[in-house]
Amino acid sequence: MILDVRGVSRSFRALGRPPVVALDDVYLRVPEGDTLGLVGESGSGKSTLLRCIMRLEKPDEGEVLFRGRDALPLRGKNLQAYRRQVQMVFQDPAGSLNPRMTVEQLVGEGMLVHRLERSAARRRERVAELLDAVGIPPDAMARHPASFSGGQLQRIAIARALAVEPSLLVCDEPVSALDVSVQAQVLNLLMRTQARTGLSILFVSHDLAVVKYLCPSIAVLEKGRIVEESSRDKLFQAPRATYTRALIDAVPNPDPVRPGPGSRPPTPRPGGNDAEGNHA
Amino acid sequence: MTKPHLLAVDDLTVRVPDGPVLVDRVSFSIGAGERWAIVGESGSGKSVTARALLRLDGELDLTGSVRHHGRELLTLNERDLTQVRGRQISMVFQDPLAALHPMRSIGDQVAEPLIVHGVGRRAARQRARRMLDELGIAAADRRMRAYPHEFSGGMRQRVVMAIALVAEPDLLIADEPTTALDVRVQQQVLELMGRIAEERSLAVLLITHDLGVVANFADRMIVMYAGRAVEQGSVASLLRSPRHPYTAALHAAVPRLDTVPGELQALAGVMPSPARRPSGCAFRPRCAVAVDVCATAVPPLSPAGPDGDEVACHLVTGDEAASRKAAS
């Protein structure tokens with residue numbers, strides 16, 4: 001296991017109100033070189049859990065083991081090393097990239113902070129390689145975030161995270177703000193990168209179709225508790241939690257289902273379910 | 001048909017003064033109680049089109065025609081237009097928090113359209129309360145006195161819908177109403193909107209980038225790319241067998257529950273901005289099957305198929321398609 005979250009709890013207290021339990025005894029494991037999907041709605045505690053893993057929030061109880069070693073007490077050099085190993089990609093790329101920095105600075109910053117490439121020329125070369133890997137043209141280096149679309153920014157954010165050669169990538173709804181065509185680009189990029197480098201991924205989303213596409217195993221978080229954790233196939237064939245069932249049912253299917261008032265009766269699909277339209 | 005359509009849009013063109021054309025000759029007609037969707041990626045011009053119907057962006061040049069029950073809206077004076085906005089045609093926006101006033105009570109805000117249109121305060125508040133009730137907001141009496149920050153995202157979107165529907169319009173324009181919401185809440189809001197549309201025979205024009213939402217909600221759809229309609233017609237036929245390569249690519253890029261890992265078909269490249277629209281067909285640089293003529297002539301929207309479907313592609317209509325068929 002690259003990441004082993006054990007019994008993490010976190011609650012928030014507001015004056016004069018009962019405490020809000022954001023995380024209640026959460027257990028979660030990400031296997032080395034693999035992808036774990038974490039599903040839940042807003043308010044389920046997803047973000048608090050990620051913040052605890054990233055050491056941006058301190059849990060009240062529990063351990064966050066990274067390759068067998070608890071990351072919560074880490075300080076100084078060890079903490080810095082942990083933060084290099086575990087990188088995060090945020091939901092809103094426009095909000096997570098400094099608008100005053102060029103793409104070269106943004107992607108190269110981590111290498112500078114962690115002293116991975118001291119020579120500016122080598123750094124530049126690495127940035128060009130990384131941009132190439134995420135499909136951004138090299139002439140983008142001198143430009144600022146404002147001149148890119150959302151999908152391009154998210155790919156730049158991924159290049160920035162990969163620049164320090166992390167072992168675990170934590171993705172918080174990385175495609176939910178993107179258009180479908182671009183969403184597919186980013187998902188395929190993550191899969192390709194994993195196949196090439198053996199990166200482990202913790203992928204958070206509320207879209208079960210996306211999670212099913214990317215993640216061989218999936219955990220479901222509801223109101224701060226893991227209510228189900230199983231393999232992709234099991235989860236979709238026989239979801240145990242009613243909450244999981246509801247999430248699966250809510251996935252919008254892009255194939256027409258509604259005959260609709262005043263419209264013609266639906267044409268029968270020849271050969272059952274495979275009349276999907278020809279997208280060759 | 002002798003009866004004028006509820007909304008008839010003809011060659012609607014939106015232009016930045018001395019600048020690019022944002023929407024290029026879009027035409028469609030919505031009948032009473034029909035459910036339409038405009039689909040496209042960011043920058044396709046779908047929201048600009050929707051906002052132009054009510055002339056919400058005063059600084060843009062609009063040409064063509066938008067008729068509501070036969071009355072031209074593009075040349076209507078401001079005062080008469082105010083009578084149409086919110087009362088006959090109303091609109092719901094993407095971000096409910098931005099659409100609500102943070103310091104006025106929910107009740108005040110839902111009753112406001114009625115008061116603007118001349119209904120007395122008391123009656124307006126009563127109708128506002130009933131509207132909230134109808135939209136599934138429990139304890140509507142108490143909630144009338146609450147403020148937007150006390151509501152969740154899904155509840156806020158219901159409140160915004162209550163404001164849009166309280167004056168009983170016959171057309172609702174909904175601009176990405178569920179994009180900011182979780183899948184389950186999205187499902188609830190769409191079901192609610194569908195139920196109310198049916199009960200009141202309200203026509204809905206839904207603006208979205210999500211084909212899943214379209215498939216579950218609309219009967220007819222318009223696919224927009226770089227400011228132009230590239231394909232329009234019945235949702236059932238367009239999503240089952242898309243004719244335009246862009247519609248097909250968009251449809252193939254949606255991950256579904258049965259997509260095999262590794263086989264999601266991404267659409268390479270990005271949509272051009274209106275100022276840099278390529279010559280001929282705007283989709284040509286990203287199109288896998290483009291031929292020479294695509295670079296020189298803009299394909300017109302032409303009839304294709306039995307359901308009144310139309311498509312703008314040289315390979316589906318026109319000489320190119322004919323010669324291809326002859327060759328095969």
# chains A, B, ... in the order shown; residues from 1 in each chain; ligands from 1

$ residues_around --residues "segment 52-63 of chain A" --least-positions-apart "5" --cutoff "8 Å" --atoms "only C-alpha atoms" --output "list in words"
Val5, Arg6, Gly7, Val8, Ser9, Arg10, Ser11, Asp25, Asp70, Ala71, Leu72, Arg83, Val86 and Met88 of chain A

$ select_by_dssp --residues "segment 99-294 of chain B" --states "strand (DSSP E or B)" --output "PyMOL selection string"
chain B and resi 171-175+203-208+220-225+228-234

$ select_by_dssp --residues "segment 146-325 of chain B" --states "alpha helix (DSSP H)" --output "PyMOL selection string"
chain B and resi 153-165+183-200+211-217+235-240+245-252+293-296+318-325

$ closest_atom_pairs --of "chain B" --to "chain A" --cutoff "8 Å" --atoms "only C-alpha atoms" --output "JSON lines"
{"residue": "B:Glu41", "atom": "CA", "partner": "A:Asp179", "partner_atom": "CA", "distance": 5.8}
{"residue": "B:Ser42", "atom": "CA", "partner": "A:Asp179", "partner_atom": "CA", "distance": 7.0}
{"residue": "B:Asp182", "atom": "CA", "partner": "A:Glu41", "partner_atom": "CA", "distance": 6.1}
{"residue": "B:Val183", "atom": "CA", "partner": "A:Ala250", "partner_atom": "CA", "distance": 5.8}
{"residue": "B:Arg184", "atom": "CA", "partner": "A:Ala250", "partner_atom": "CA", "distance": 5.4}
{"residue": "B:Gln187", "atom": "CA", "partner": "A:Ala250", "partner_atom": "CA", "distance": 6.0}
{"residue": "B:His209", "atom": "CA", "partner": "A:Asp179", "partner_atom": "CA", "distance": 6.8}
{"residue": "B:Asp210", "atom": "CA", "partner": "A:Val180", "partner_atom": "CA", "distance": 7.5}
{"residue": "B:Leu211", "atom": "CA", "partner": "A:Pro254", "partner_atom": "CA", "distance": 5.1}
{"residue": "B:Gly212", "atom": "CA", "partner": "A:Pro254", "partner_atom": "CA", "distance": 3.8}
{"residue": "B:Val213", "atom": "CA", "partner": "A:Pro252", "partner_atom": "CA", "distance": 6.0}
{"residue": "B:Val214", "atom": "CA", "partner": "A:Pro254", "partner_atom": "CA", "distance": 7.4}
{"residue": "B:Ala215", "atom": "CA", "partner": "A:Pro256", "partner_atom": "CA", "distance": 4.4}
{"residue": "B:Asn216", "atom": "CA", "partner": "A:Arg258", "partner_atom": "CA", "distance": 5.9}
{"residue": "B:Phe217", "atom": "CA", "partner": "A:Arg258", "partner_atom": "CA", "distance": 7.0}
{"residue": "B:Ala218", "atom": "CA", "partner": "A:Arg258", "partner_atom": "CA", "distance": 7.8}
{"residue": "B:Asp219", "atom": "CA", "partner": "A:Gly260", "partner_atom": "CA", "distance": 6.2}
{"residue": "B:Val235", "atom": "CA", "partner": "A:Pro256", "partner_atom": "CA", "distance": 6.6}
{"residue": "B:Ala236", "atom": "CA", "partner": "A:Pro256", "partner_atom": "CA", "distance": 5.2}
{"residue": "B:Leu239", "atom": "CA", "partner": "A:Asp255", "partner_atom": "CA", "distance": 6.0}
{"residue": "B:Arg240", "atom": "CA", "partner": "A:Gly277", "partner_atom": "CA", "distance": 4.9}
{"residue": "B:Ser241", "atom": "CA", "partner": "A:Gly277", "partner_atom": "CA", "distance": 4.1}
{"residue": "B:Pro242", "atom": "CA", "partner": "A:Gly277", "partner_atom": "CA", "distance": 6.6}
{"residue": "B:Pro245", "atom": "CA", "partner": "A:His279", "partner_atom": "CA", "distance": 7.9}
{"residue": "B:Ala248", "atom": "CA", "partner": "A:His279", "partner_atom": "CA", "distance": 5.2}
{"residue": "B:Ala249", "atom": "CA", "partner": "A:His279", "partner_atom": "CA", "distance": 6.5}
{"residue": "B:Leu250", "atom": "CA", "partner": "A:Ser181", "partner_atom": "CA", "distance": 6.0}
{"residue": "B:His251", "atom": "CA", "partner": "A:Pro254", "partner_atom": "CA", "distance": 7.1}
{"residue": "B:Ala252", "atom": "CA", "partner": "A:His279", "partner_atom": "CA", "distance": 6.3}
{"residue": "B:Ala253", "atom": "CA", "partner": "A:Ser181", "partner_atom": "CA", "distance": 5.4}
{"residue": "B:Val254", "atom": "CA", "partner": "A:Val180", "partner_atom": "CA", "distance": 5.9}
{"residue": "B:Pro255", "atom": "CA", "partner": "A:Ala209", "partner_atom": "CA", "distance": 5.7}
{"residue": "B:Arg256", "atom": "CA", "partner": "A:Ala209", "partner_atom": "CA", "distance": 5.0}
{"residue": "B:Leu257", "atom": "CA", "partner": "A:Ala209", "partner_atom": "CA", "distance": 4.9}
{"residue": "B:Thr259", "atom": "CA", "partner": "A:Tyr213", "partner_atom": "CA", "distance": 6.4}
{"residue": "B:Val260", "atom": "CA", "partner": "A:Tyr213", "partner_atom": "CA", "distance": 6.8}
{"residue": "B:Pro261", "atom": "CA", "partner": "A:Tyr213", "partner_atom": "CA", "distance": 5.0}
{"residue": "B:Gly262", "atom": "CA", "partner": "A:Asn188", "partner_atom": "CA", "distance": 6.9}
{"residue": "B:Leu264", "atom": "CA", "partner": "A:Ala184", "partner_atom": "CA", "distance": 6.4}
{"residue": "B:Gln265", "atom": "CA", "partner": "A:Ala184", "partner_atom": "CA", "distance": 6.7}
{"residue": "B:Ala266", "atom": "CA", "partner": "A:Ala184", "partner_atom": "CA", "distance": 4.8}
{"residue": "B:Leu267", "atom": "CA", "partner": "A:Ser181", "partner_atom": "CA", "distance": 5.3}
{"residue": "B:Ala268", "atom": "CA", "partner": "A:Gln185", "partner_atom": "CA", "distance": 7.4}

$ residues_around --residues "segment 166-176 of chain B" --least-positions-apart "3" --cutoff "7 Å" --atoms "only C-alpha atoms" --output "ChimeraX atom specification"
/B:47,86-94,113-114,128,131,162-163,179,202-208

$ residues_around --residues "Gly227 of chain B" --least-positions-apart "4" --cutoff "8 Å" --atoms "only C-alpha atoms" --output "list in words"
Val21, Leu22, Val23, Asp24, Gly43, Ser44, Gly45, Lys46 and Pro274 of chain B

$ atom_distance --atom1 "atom CA of Thr13 of chain B" --atom2 "atom CA of Thr247 of chain B"
22.0 Å
